[in-house]
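Data block below; observations after.
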Amino acid sequence: MPSQLIDPRRYEEVDLPIFRNEFDAFLPATIYDCHVHVALPEHRGPVTREWITSDWPNEVDYRMSVEQLAEVQAKLFPGRQVRSLVFTMPSPKYFIEEGNRYVAEAIRAGAADGLLVTRPEWSQEELLRLLRAGSFVGFKPYPGLVGSRADDIPIEAFFPPHHQEVADRLRLIVVLHIGRPERLRDPSNLREIRQLATTRPGIQLIIAHIGRAYTMTYAEPGLAALHDVPGICHDFAMNLNADVLELALREVGPERLLYGSDLPIALMRGVRAHEGDRYINFSDGDYSWNTPERRKTAEEEARYTLYLYEELRAFRTAAQRVGLSSEQVSRVMGANAKEMVETAKQGLSRL
Ligand SMILES: [Zn+2]
């Protein structure tokens, strides 16, 4: 496993100047990242080349220890106090139980707060046992952990009612990654999110990646449909679209929008274009999807920074367009999530 996840030369030449010029005056003193994956090489089982190339994030380096996370954050946010909500990789290719134990160790050591990646088949007793053993402040259910590989996976299939009941009673955080190809504009997803938020108001619900609405064609109908549902938060992890973030600031508001990075995937270097329903990743990395038509000139590629910084650039642009105060920026960048974690810890103490 590489000890340095960020190339030191490119950090000095590209990333650090961006931090100084664009983020230093913009970012608050304390930051809370609500969407971080930690995984050791031994947490992943055997994978085929076919699986690796089946979806672009599978090709990005997934390995990041808790110690490396601390190093990465110190580099990316010099002079800032950064804390994270971490969870293991929710994928059938990973040893979820071992990953959860690793996160529990980080929680015990005080290095991070953490979520339990849940298997839908677990009983309520099993869920409660794991919660107690690990002091997780909530759950990270995932559609890909449902046995079937169908595209049409209802929320209840991966986050079943007997898991919802525990989260609701204890006011736990649930980072919900929605499935289905139509994402945040899928009528079934919208109906199910509305139902979940209304019938389980104790759950501190965070829709991951703004419902995977990376383009306006998903974000406009999706956010409008959820506009009147109270209490739903969104994280904008790996959402690099300033128009979408601006819309989210207007529709969701700075009290319910949360910074999340999706580290270590966000360490990929490059830029993203948005075109209709599509987002197109550009990178200089050694990925099978990085075909010649995706490549730019050597000069342009030399200027590529991390996706995480591109995400922050998009957020800064959106914040400027909306006219966010520095207090509102600090809510999005951490204060909102910190409050939610505190609430969940109080709930956990009743366990
Ligand atoms: Zn993620």
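Chains: A, B, ... in order of the structure tokens. Residues: from 1 per chain. Ligands: from 1, in order shown.
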Filtered DSSP result for segment 40-207 of chain A, state helix (DSSP H, G or I), as a PyMOL selection string | chain A and resi 41-43+49-52+56-59+66-76+96-108+124-134+143-145+155-158+161-170+183-185+187-199
Tell me, which residues of segment 146-316 of chain A carry DSSP strand (DSSP E), written as number ranges by chain?
-> A: 173-176, 204-207, 233-235, 257-258, 270-275, 278-283
Would you list the contacts of Leu226 of chain A as an mmCIF file with all heavy atoms, in the first residue's frame, taking every protein, DNA or RNA residue within 9 Å and counting only C-alpha atoms, but skipping same-chain residues closer than 4 positions in sequence?
```
data_model
loop_
_atom_site.group_PDB
_atom_site.id
_atom_site.type_symbol
_atom_site.label_atom_id
_atom_site.label_comp_id
_atom_site.auth_asym_id
_atom_site.auth_seq_id
_atom_site.Cartn_x
_atom_site.Cartn_y
_atom_site.Cartn_z
ATOM 1 N N LEU A 190 -38.346 8.907 -5.127
ATOM 2 C CA LEU A 190 -38.892 10.112 -4.494
ATOM 3 C C LEU A 190 -40.018 9.747 -3.526
ATOM 4 O O LEU A 190 -40.081 10.271 -2.411
ATOM 5 C CB LEU A 190 -39.393 11.086 -5.572
ATOM 6 C CG LEU A 190 -38.271 11.743 -6.392
ATOM 7 C CD1 LEU A 190 -38.819 12.423 -7.636
ATOM 8 C CD2 LEU A 190 -37.509 12.765 -5.531
ATOM 9 N N ILE A 193 -38.371 8.022 -0.435
ATOM 10 C CA ILE A 193 -37.639 8.960 0.432
ATOM 11 C C ILE A 193 -38.646 9.773 1.253
ATOM 12 O O ILE A 193 -38.495 9.959 2.462
ATOM 13 C CB ILE A 193 -36.742 9.909 -0.399
ATOM 14 C CG1 ILE A 193 -35.586 9.139 -1.041
ATOM 15 C CG2 ILE A 193 -36.194 11.038 0.468
ATOM 16 C CD1 ILE A 193 -34.789 9.948 -2.072
ATOM 17 N N ARG A 194 -39.682 10.238 0.565
ATOM 18 C CA ARG A 194 -40.719 11.025 1.254
ATOM 19 C C ARG A 194 -41.356 10.207 2.374
ATOM 20 O O ARG A 194 -41.518 10.668 3.505
ATOM 21 C CB ARG A 194 -41.789 11.453 0.239
ATOM 22 C CG ARG A 194 -42.993 12.169 0.846
ATOM 23 C CD ARG A 194 -43.983 12.553 -0.249
ATOM 24 N NE ARG A 194 -43.444 13.602 -1.108
ATOM 25 C CZ ARG A 194 -43.583 14.917 -0.881
ATOM 26 N NH1 ARG A 194 -44.272 15.323 0.180
ATOM 27 N NH2 ARG A 194 -43.072 15.803 -1.691
ATOM 28 N N PRO A 221 -35.659 18.259 -11.253
ATOM 29 C CA PRO A 221 -36.912 17.601 -10.855
ATOM 30 C C PRO A 221 -36.824 16.950 -9.468
ATOM 31 O O PRO A 221 -37.788 16.995 -8.701
ATOM 32 C CB PRO A 221 -37.127 16.542 -11.949
ATOM 33 C CG PRO A 221 -35.800 16.357 -12.602
ATOM 34 C CD PRO A 221 -35.059 17.642 -12.435
ATOM 35 N N GLY A 222 -35.674 16.389 -9.137
ATOM 36 C CA GLY A 222 -35.548 15.663 -7.867
ATOM 37 C C GLY A 222 -35.670 16.574 -6.655
ATOM 38 O O GLY A 222 -36.449 16.314 -5.735
ATOM 39 N N PRO A 230 -39.722 17.812 5.216
ATOM 40 C CA PRO A 230 -38.810 18.375 6.217
ATOM 41 C C PRO A 230 -37.719 17.380 6.627
ATOM 42 O O PRO A 230 -37.907 16.170 6.554
ATOM 43 C CB PRO A 230 -39.740 18.655 7.408
ATOM 44 C CG PRO A 230 -40.879 17.713 7.242
ATOM 45 C CD PRO A 230 -41.015 17.426 5.767
ATOM 46 N N ILE A 232 -34.741 16.407 5.552
ATOM 47 C CA ILE A 232 -33.811 15.634 4.725
ATOM 48 C C ILE A 232 -32.542 16.452 4.478
ATOM 49 O O ILE A 232 -32.611 17.597 4.036
ATOM 50 C CB ILE A 232 -34.422 15.287 3.353
ATOM 51 C CG1 ILE A 232 -35.700 14.473 3.533
ATOM 52 C CG2 ILE A 232 -33.426 14.508 2.500
ATOM 53 C CD1 ILE A 232 -36.413 14.188 2.220
ATOM 54 N N GLU A 251 -32.628 25.264 -2.831
ATOM 55 C CA GLU A 251 -33.774 24.379 -2.568
ATOM 56 C C GLU A 251 -33.683 23.701 -1.199
ATOM 57 O O GLU A 251 -34.683 23.517 -0.531
ATOM 58 C CB GLU A 251 -33.863 23.282 -3.643
ATOM 59 C CG GLU A 251 -34.301 23.759 -5.011
ATOM 60 C CD GLU A 251 -35.818 23.741 -5.178
ATOM 61 O OE1 GLU A 251 -36.516 23.064 -4.407
ATOM 62 O OE2 GLU A 251 -36.301 24.421 -6.110
ATOM 63 N N VAL A 252 -32.488 23.266 -0.843
ATOM 64 C CA VAL A 252 -32.299 22.513 0.393
ATOM 65 C C VAL A 252 -31.887 23.466 1.514
ATOM 66 O O VAL A 252 -32.324 23.336 2.656
ATOM 67 C CB VAL A 252 -31.202 21.431 0.181
ATOM 68 C CG1 VAL A 252 -30.895 20.695 1.463
ATOM 69 C CG2 VAL A 252 -31.619 20.452 -0.921
#
```
Atom CA of Gly202 of chain A to atom CA of Leu172 of chain A, distance in Å rounded to a single decimal = 7.6 Å
Go through chain A residue by residue and, counting only C-alpha atoms and all ligand atoms, keep those with an atom at most 10 Å from ligand 1; for each kept residue give the shortest atom pair and its distance in Å to one decimal, ordered by chain and increasing number, as CSV.
```
residue,atom,partner,partner_atom_place_in_ligand_line,distance
A:Cys34,CA,ligand 1,1 (Zn),9.9
A:His35,CA,ligand 1,1 (Zn),6.2
A:Val36,CA,ligand 1,1 (Zn),6.6
A:His37,CA,ligand 1,1 (Zn),6.4
A:Pro57,CA,ligand 1,1 (Zn),9.9
A:Val86,CA,ligand 1,1 (Zn),9.6
A:Phe87,CA,ligand 1,1 (Zn),8.6
A:Thr88,CA,ligand 1,1 (Zn),9.1
A:Met89,CA,ligand 1,1 (Zn),7.5
A:Pro90,CA,ligand 1,1 (Zn),8.2
A:Lys140,CA,ligand 1,1 (Zn),9.5
A:Tyr142,CA,ligand 1,1 (Zn),9.9
A:Val175,CA,ligand 1,1 (Zn),9.3
A:Leu176,CA,ligand 1,1 (Zn),9.9
A:His177,CA,ligand 1,1 (Zn),8.1
A:Ala208,CA,ligand 1,1 (Zn),7.6
A:His209,CA,ligand 1,1 (Zn),8.1
A:Ala237,CA,ligand 1,1 (Zn),7.4
A:Met238,CA,ligand 1,1 (Zn),8.4
A:Gly260,CA,ligand 1,1 (Zn),8.8
A:Ser261,CA,ligand 1,1 (Zn),8.1
A:Asp262,CA,ligand 1,1 (Zn),4.7
A:Leu263,CA,ligand 1,1 (Zn),7.6
A:Pro264,CA,ligand 1,1 (Zn),9.0
A:Ile265,CA,ligand 1,1 (Zn),8.1
A:Ala266,CA,ligand 1,1 (Zn),9.6
```
Any chance you could export the current selection's N, CA and C atoms as a tab-separated table (two decimals), in the first residue's frame?
```tsv
chain	number	residue	atom	x	y	z
A	34	CYS	N	-18.49	14.32	6.11
A	34	CYS	CA	-19.47	13.29	6.50
A	34	CYS	C	-19.50	12.08	5.57
A	35	HIS	N	-18.54	11.96	4.66
A	35	HIS	CA	-18.59	10.83	3.72
A	35	HIS	C	-17.19	10.38	3.35
A	36	VAL	N	-16.64	9.49	4.15
A	36	VAL	CA	-15.27	9.00	3.93
A	36	VAL	C	-15.25	7.47	4.04
A	37	HIS	N	-14.58	6.84	3.09
A	37	HIS	CA	-14.40	5.38	3.17
A	37	HIS	C	-12.99	5.07	3.62
A	57	PRO	N	-15.50	3.88	-10.78
A	57	PRO	CA	-14.85	4.03	-9.47
A	57	PRO	C	-14.08	2.78	-9.02
A	86	VAL	N	-16.61	8.09	9.04
A	86	VAL	CA	-16.02	7.09	8.14
A	86	VAL	C	-16.85	5.82	8.13
A	87	PHE	N	-16.72	5.09	7.04
A	87	PHE	CA	-17.35	3.77	6.92
A	87	PHE	C	-16.56	2.95	5.91
A	88	THR	N	-16.76	1.64	6.00
A	88	THR	CA	-16.02	0.78	5.08
A	88	THR	C	-16.67	0.83	3.69
A	89	MET	N	-16.06	0.15	2.74
A	89	MET	CA	-16.60	0.13	1.38
A	89	MET	C	-17.84	-0.76	1.33
A	90	PRO	N	-18.98	-0.20	1.01
A	90	PRO	CA	-20.19	-1.03	0.97
A	90	PRO	C	-20.31	-1.73	-0.38
A	140	LYS	N	-24.89	2.89	7.18
A	140	LYS	CA	-24.68	3.13	5.76
A	140	LYS	C	-25.21	1.89	5.03
A	142	TYR	N	-26.73	-0.05	1.66
A	142	TYR	CA	-26.29	0.12	0.27
A	142	TYR	C	-27.06	-0.82	-0.66
A	175	VAL	N	-26.77	7.47	6.06
A	175	VAL	CA	-26.31	8.00	4.78
A	175	VAL	C	-26.86	7.07	3.70
A	176	LEU	N	-27.83	7.60	2.96
A	176	LEU	CA	-28.58	6.76	2.02
A	176	LEU	C	-28.12	6.99	0.58
A	177	HIS	N	-27.60	5.94	-0.01
A	177	HIS	CA	-27.18	5.97	-1.41
A	177	HIS	C	-28.34	5.35	-2.20
A	208	ALA	N	-26.95	10.66	0.03
A	208	ALA	CA	-25.56	10.75	-0.43
A	208	ALA	C	-25.48	11.31	-1.85
A	209	HIS	N	-24.49	12.15	-2.08
A	209	HIS	CA	-24.19	12.71	-3.40
A	209	HIS	C	-25.37	13.52	-3.98
A	237	ALA	N	-20.86	14.86	-1.77
A	237	ALA	CA	-19.65	14.10	-2.08
A	237	ALA	C	-19.57	13.79	-3.57
A	238	MET	N	-18.42	14.07	-4.17
A	238	MET	CA	-18.15	13.81	-5.58
A	238	MET	C	-19.15	14.50	-6.52
A	260	GLY	N	-19.18	16.44	2.10
A	260	GLY	CA	-18.66	15.07	2.16
A	260	GLY	C	-17.72	14.92	0.99
A	261	SER	N	-16.69	14.10	1.13
A	261	SER	CA	-15.67	14.06	0.08
A	261	SER	C	-15.70	12.79	-0.77
A	262	ASP	N	-16.13	11.67	-0.15
A	262	ASP	CA	-15.98	10.36	-0.78
A	262	ASP	C	-14.50	9.98	-0.95
A	263	LEU	N	-13.65	10.49	-0.04
A	263	LEU	CA	-12.28	9.99	-0.03
A	263	LEU	C	-12.33	8.47	0.13
A	264	PRO	N	-11.41	7.70	-0.43
A	264	PRO	CA	-10.25	8.12	-1.22
A	264	PRO	C	-10.53	8.28	-2.72
A	265	ILE	N	-11.76	8.04	-3.18
A	265	ILE	CA	-12.04	8.18	-4.61
A	265	ILE	C	-11.76	9.61	-5.08
A	266	ALA	N	-12.01	10.57	-4.17
A	266	ALA	CA	-11.84	11.98	-4.51
A	266	ALA	C	-10.37	12.38	-4.67
```
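Residue neighbourhood of Val66 of chain A, excluding near-sequence residues (fewer than 2 positions): Val38, Met64, Gln68, Leu69, Ala70, Ala106 and Ala111 of chain A, at 8 Å, using only C-alpha atoms.
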Contacts of Glu246 of chain A within 10 Å, only C-alpha atoms, excl. fewer than 2 positions in-chain, as a PDB file with all heavy atoms, in the first residue's frame:
```pdb
ATOM      1  N   ASN A 241     -20.539  19.759  -9.711  1.00  0.00           N
ATOM      2  CA  ASN A 241     -21.296  20.637 -10.588  1.00  0.00           C
ATOM      3  C   ASN A 241     -21.791  21.869  -9.812  1.00  0.00           C
ATOM      4  O   ASN A 241     -22.692  21.768  -8.979  1.00  0.00           O
ATOM      5  CB  ASN A 241     -22.468  19.835 -11.167  1.00  0.00           C
ATOM      6  CG  ASN A 241     -23.192  20.576 -12.264  1.00  0.00           C
ATOM      7  OD1 ASN A 241     -23.199  21.810 -12.299  1.00  0.00           O
ATOM      8  ND2 ASN A 241     -23.817  19.836 -13.158  1.00  0.00           N
ATOM      9  N   ALA A 242     -21.197  23.032 -10.124  1.00  0.00           N
ATOM     10  CA  ALA A 242     -21.550  24.260  -9.389  1.00  0.00           C
ATOM     11  C   ALA A 242     -23.028  24.611  -9.553  1.00  0.00           C
ATOM     12  O   ALA A 242     -23.653  25.130  -8.618  1.00  0.00           O
ATOM     13  CB  ALA A 242     -20.681  25.428  -9.869  1.00  0.00           C
ATOM     14  N   ASP A 243     -23.614  24.307 -10.724  1.00  0.00           N
ATOM     15  CA  ASP A 243     -25.045  24.607 -10.921  1.00  0.00           C
ATOM     16  C   ASP A 243     -25.903  23.769  -9.982  1.00  0.00           C
ATOM     17  O   ASP A 243     -26.878  24.257  -9.404  1.00  0.00           O
ATOM     18  CB  ASP A 243     -25.458  24.318 -12.378  1.00  0.00           C
ATOM     19  CG  ASP A 243     -24.755  25.234 -13.374  1.00  0.00           C
ATOM     20  OD1 ASP A 243     -24.307  26.327 -12.965  1.00  0.00           O
ATOM     21  OD2 ASP A 243     -24.646  24.848 -14.557  1.00  0.00           O
ATOM     22  N   VAL A 244     -25.544  22.496  -9.841  1.00  0.00           N
ATOM     23  CA  VAL A 244     -26.307  21.611  -8.942  1.00  0.00           C
ATOM     24  C   VAL A 244     -26.150  22.073  -7.492  1.00  0.00           C
ATOM     25  O   VAL A 244     -27.123  22.112  -6.731  1.00  0.00           O
ATOM     26  CB  VAL A 244     -25.850  20.135  -9.111  1.00  0.00           C
ATOM     27  CG1 VAL A 244     -26.443  19.251  -8.021  1.00  0.00           C
ATOM     28  CG2 VAL A 244     -26.232  19.602 -10.492  1.00  0.00           C
ATOM     29  N   ALA A 248     -28.985  23.300  -4.972  1.00  0.00           N
ATOM     30  CA  ALA A 248     -29.161  22.660  -3.653  1.00  0.00           C
ATOM     31  C   ALA A 248     -29.138  23.699  -2.540  1.00  0.00           C
ATOM     32  O   ALA A 248     -29.906  23.613  -1.586  1.00  0.00           O
ATOM     33  CB  ALA A 248     -28.079  21.611  -3.427  1.00  0.00           C
ATOM     34  N   LEU A 249     -28.263  24.703  -2.673  1.00  0.00           N
ATOM     35  CA  LEU A 249     -28.240  25.752  -1.645  1.00  0.00           C
ATOM     36  C   LEU A 249     -29.563  26.504  -1.612  1.00  0.00           C
ATOM     37  O   LEU A 249     -30.035  26.907  -0.556  1.00  0.00           O
ATOM     38  CB  LEU A 249     -27.079  26.715  -1.891  1.00  0.00           C
ATOM     39  CG  LEU A 249     -25.710  26.195  -1.460  1.00  0.00           C
ATOM     40  CD1 LEU A 249     -24.600  27.112  -1.953  1.00  0.00           C
ATOM     41  CD2 LEU A 249     -25.634  26.041   0.066  1.00  0.00           C
ATOM     42  N   ARG A 250     -30.172  26.681  -2.785  1.00  0.00           N
ATOM     43  CA  ARG A 250     -31.448  27.402  -2.830  1.00  0.00           C
ATOM     44  C   ARG A 250     -32.615  26.519  -2.382  1.00  0.00           C
ATOM     45  O   ARG A 250     -33.508  26.960  -1.664  1.00  0.00           O
ATOM     46  CB  ARG A 250     -31.713  27.932  -4.244  1.00  0.00           C
ATOM     47  CG  ARG A 250     -30.689  28.976  -4.694  1.00  0.00           C
ATOM     48  CD  ARG A 250     -31.095  29.625  -6.010  1.00  0.00           C
ATOM     49  NE  ARG A 250     -29.984  30.342  -6.628  1.00  0.00           N
ATOM     50  CZ  ARG A 250     -29.561  31.559  -6.253  1.00  0.00           C
ATOM     51  NH1 ARG A 250     -30.173  32.204  -5.275  1.00  0.00           N
ATOM     52  NH2 ARG A 250     -28.535  32.124  -6.870  1.00  0.00           N
ATOM     53  N   GLU A 251     -32.628  25.264  -2.831  1.00  0.00           N
ATOM     54  CA  GLU A 251     -33.774  24.379  -2.568  1.00  0.00           C
ATOM     55  C   GLU A 251     -33.683  23.701  -1.199  1.00  0.00           C
ATOM     56  O   GLU A 251     -34.683  23.517  -0.531  1.00  0.00           O
ATOM     57  CB  GLU A 251     -33.863  23.282  -3.643  1.00  0.00           C
ATOM     58  CG  GLU A 251     -34.301  23.759  -5.011  1.00  0.00           C
ATOM     59  CD  GLU A 251     -35.818  23.741  -5.178  1.00  0.00           C
ATOM     60  OE1 GLU A 251     -36.516  23.064  -4.407  1.00  0.00           O
ATOM     61  OE2 GLU A 251     -36.301  24.421  -6.110  1.00  0.00           O
ATOM     62  N   VAL A 252     -32.488  23.266  -0.843  1.00  0.00           N
ATOM     63  CA  VAL A 252     -32.299  22.513   0.393  1.00  0.00           C
ATOM     64  C   VAL A 252     -31.887  23.466   1.514  1.00  0.00           C
ATOM     65  O   VAL A 252     -32.324  23.336   2.656  1.00  0.00           O
ATOM     66  CB  VAL A 252     -31.202  21.431   0.181  1.00  0.00           C
ATOM     67  CG1 VAL A 252     -30.895  20.695   1.463  1.00  0.00           C
ATOM     68  CG2 VAL A 252     -31.619  20.452  -0.921  1.00  0.00           C
ATOM     69  N   GLY A 253     -31.039  24.408   1.171  1.00  0.00           N
ATOM     70  CA  GLY A 253     -30.588  25.415   2.132  1.00  0.00           C
ATOM     71  C   GLY A 253     -29.309  25.016   2.834  1.00  0.00           C
ATOM     72  O   GLY A 253     -29.007  23.830   2.945  1.00  0.00           O
ATOM     73  N   ALA A 314     -16.396  23.914  -6.925  1.00  0.00           N
ATOM     74  CA  ALA A 314     -17.812  24.011  -7.318  1.00  0.00           C
ATOM     75  C   ALA A 314     -18.636  24.576  -6.159  1.00  0.00           C
ATOM     76  O   ALA A 314     -19.506  25.433  -6.353  1.00  0.00           O
ATOM     77  CB  ALA A 314     -18.338  22.640  -7.737  1.00  0.00           C
ATOM     78  N   PHE A 315     -18.339  24.126  -4.954  1.00  0.00           N
ATOM     79  CA  PHE A 315     -19.096  24.625  -3.798  1.00  0.00           C
ATOM     80  C   PHE A 315     -18.828  26.121  -3.575  1.00  0.00           C
ATOM     81  O   PHE A 315     -19.738  26.899  -3.301  1.00  0.00           O
ATOM     82  CB  PHE A 315     -18.770  23.824  -2.532  1.00  0.00           C
ATOM     83  CG  PHE A 315     -19.402  24.411  -1.296  1.00  0.00           C
ATOM     84  CD1 PHE A 315     -20.780  24.575  -1.223  1.00  0.00           C
ATOM     85  CD2 PHE A 315     -18.625  24.847  -0.233  1.00  0.00           C
ATOM     86  CE1 PHE A 315     -21.373  25.148  -0.104  1.00  0.00           C
ATOM     87  CE2 PHE A 315     -19.210  25.425   0.888  1.00  0.00           C
ATOM     88  CZ  PHE A 315     -20.585  25.570   0.956  1.00  0.00           C
ATOM     89  N   ARG A 316     -17.562  26.516  -3.735  1.00  0.00           N
ATOM     90  CA  ARG A 316     -17.230  27.932  -3.527  1.00  0.00           C
ATOM     91  C   ARG A 316     -17.949  28.807  -4.555  1.00  0.00           C
ATOM     92  O   ARG A 316     -18.510  29.868  -4.226  1.00  0.00           O
ATOM     93  CB  ARG A 316     -15.710  28.121  -3.612  1.00  0.00           C
ATOM     94  CG  ARG A 316     -15.267  29.552  -3.441  1.00  0.00           C
ATOM     95  CD  ARG A 316     -13.762  29.643  -3.249  1.00  0.00           C
ATOM     96  NE  ARG A 316     -13.317  31.028  -3.329  1.00  0.00           N
ATOM     97  CZ  ARG A 316     -12.641  31.538  -4.361  1.00  0.00           C
ATOM     98  NH1 ARG A 316     -12.326  30.769  -5.399  1.00  0.00           N
ATOM     99  NH2 ARG A 316     -12.275  32.795  -4.361  1.00  0.00           N
ATOM    100  N   THR A 317     -17.950  28.366  -5.808  1.00  0.00           N
ATOM    101  CA  THR A 317     -18.667  29.107  -6.854  1.00  0.00           C
ATOM    102  C   THR A 317     -20.148  29.229  -6.500  1.00  0.00           C
ATOM    103  O   THR A 317     -20.743  30.302  -6.585  1.00  0.00           O
ATOM    104  CB  THR A 317     -18.517  28.371  -8.208  1.00  0.00           C
ATOM    105  OG1 THR A 317     -17.127  28.268  -8.502  1.00  0.00           O
ATOM    106  CG2 THR A 317     -19.229  29.099  -9.325  1.00  0.00           C
ATOM    107  N   ALA A 318     -20.746  28.096  -6.091  1.00  0.00           N
ATOM    108  CA  ALA A 318     -22.168  28.105  -5.742  1.00  0.00           C
ATOM    109  C   ALA A 318     -22.426  29.023  -4.552  1.00  0.00           C
ATOM    110  O   ALA A 318     -23.391  29.797  -4.549  1.00  0.00           O
ATOM    111  CB  ALA A 318     -22.631  26.684  -5.425  1.00  0.00           C
ATOM    112  N   ALA A 319     -21.549  28.970  -3.551  1.00  0.00           N
ATOM    113  CA  ALA A 319     -21.720  29.797  -2.349  1.00  0.00           C
ATOM    114  C   ALA A 319     -21.642  31.281  -2.710  1.00  0.00           C
ATOM    115  O   ALA A 319     -22.401  32.106  -2.180  1.00  0.00           O
ATOM    116  CB  ALA A 319     -20.649  29.440  -1.322  1.00  0.00           C
ATOM    117  N   GLN A 320     -20.742  31.617  -3.644  1.00  0.00           N
ATOM    118  CA  GLN A 320     -20.624  33.023  -4.058  1.00  0.00           C
ATOM    119  C   GLN A 320     -21.855  33.479  -4.819  1.00  0.00           C
ATOM    120  O   GLN A 320     -22.360  34.578  -4.605  1.00  0.00           O
ATOM    121  CB  GLN A 320     -19.362  33.207  -4.900  1.00  0.00           C
ATOM    122  CG  GLN A 320     -18.112  33.222  -4.034  1.00  0.00           C
ATOM    123  CD  GLN A 320     -16.825  33.137  -4.831  1.00  0.00           C
ATOM    124  OE1 GLN A 320     -16.828  32.727  -6.005  1.00  0.00           O
ATOM    125  NE2 GLN A 320     -15.714  33.496  -4.207  1.00  0.00           N
ATOM    126  N   ARG A 321     -22.360  32.600  -5.692  1.00  0.00           N
ATOM    127  CA  ARG A 321     -23.555  32.982  -6.465  1.00  0.00           C
ATOM    128  C   ARG A 321     -24.759  33.214  -5.551  1.00  0.00           C
ATOM    129  O   ARG A 321     -25.569  34.097  -5.782  1.00  0.00           O
ATOM    130  CB  ARG A 321     -23.906  31.868  -7.449  1.00  0.00           C
ATOM    131  CG  ARG A 321     -22.950  31.762  -8.629  1.00  0.00           C
ATOM    132  CD  ARG A 321     -23.540  30.758  -9.606  1.00  0.00           C
ATOM    133  NE  ARG A 321     -22.568  30.224 -10.537  1.00  0.00           N
ATOM    134  CZ  ARG A 321     -22.703  29.045 -11.149  1.00  0.00           C
ATOM    135  NH1 ARG A 321     -23.769  28.282 -10.914  1.00  0.00           N
ATOM    136  NH2 ARG A 321     -21.807  28.630 -11.994  1.00  0.00           N
ATOM    137  N   VAL A 322     -24.884  32.392  -4.519  1.00  0.00           N
ATOM    138  CA  VAL A 322     -26.029  32.494  -3.621  1.00  0.00           C
ATOM    139  C   VAL A 322     -25.798  33.589  -2.569  1.00  0.00           C
ATOM    140  O   VAL A 322     -26.744  34.068  -1.951  1.00  0.00           O
ATOM    141  CB  VAL A 322     -26.293  31.115  -2.966  1.00  0.00           C
ATOM    142  CG1 VAL A 322     -27.389  31.152  -1.937  1.00  0.00           C
ATOM    143  CG2 VAL A 322     -26.643  30.087  -4.045  1.00  0.00           C
TER     144      VAL A 322
END
```
Best match for closeness to Leu76 of chain A among A:Gly347, A:Pro17, A:Gly110, A:Pro187, counting only C-alpha atoms = A:Pro17
Within 8 Å of His274 of chain A, counting only C-alpha atoms, which residues qualify if same-chain residues fewer than 2 places away don't, as number ranges by chain?
-> A: 214-215, 241, 272, 276-280
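The shortest atom-to-atom distance to Glu97 of chain A, with only C-alpha atoms taken into account, belongs to A:Ala39 out of A:Glu310, A:Ala39, A:Ser65, A:Val72.
Across A:Asp186, A:Glu342, A:Asp228, A:Glu59, the tightest approach to Val137 of chain A is made by A:Glu342 when counting only C-alpha atoms.
Here atom CA of Arg101 of chain A and atom CA of Asp61 of chain A stand 21.1 Å from one another.
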Residue among A:Ser330, A:Gly231, A:Phe236, A:Ala197 lying closest to Gly211 of chain A, counting only C-alpha atoms | A:Phe236
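Closest approach to Ser283 of chain A among A:Ala335, A:Asp24, A:Trp56, A:Gln195 is made by A:Trp56 (distances from only C-alpha atoms).
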Quick one: everything within 12 Å of Asp7 of chain A, counting only C-alpha atoms, minus sequence neighbours fewer than 2 positions away in the same chain. Send it as a list in words.
-> Pro2, Ser3, Gln4, Leu5, Arg9, Arg10, Tyr11, Glu12, Glu13, Val14, Asp15, Leu16, Val72, Lys75, Leu267, Met268, Arg269, Thr305 and Leu306 of chain A
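You can rank A:Ala298, A:Leu240, A:Ile155, A:Leu128 by their closest distance to Ala273 of chain A using only C-alpha atoms, and at the top of that list sits A:Leu240.
Taking atom CA of His163 of chain A and atom CA of Arg180 of chain A as endpoints, the distance between them is 20.9 Å.
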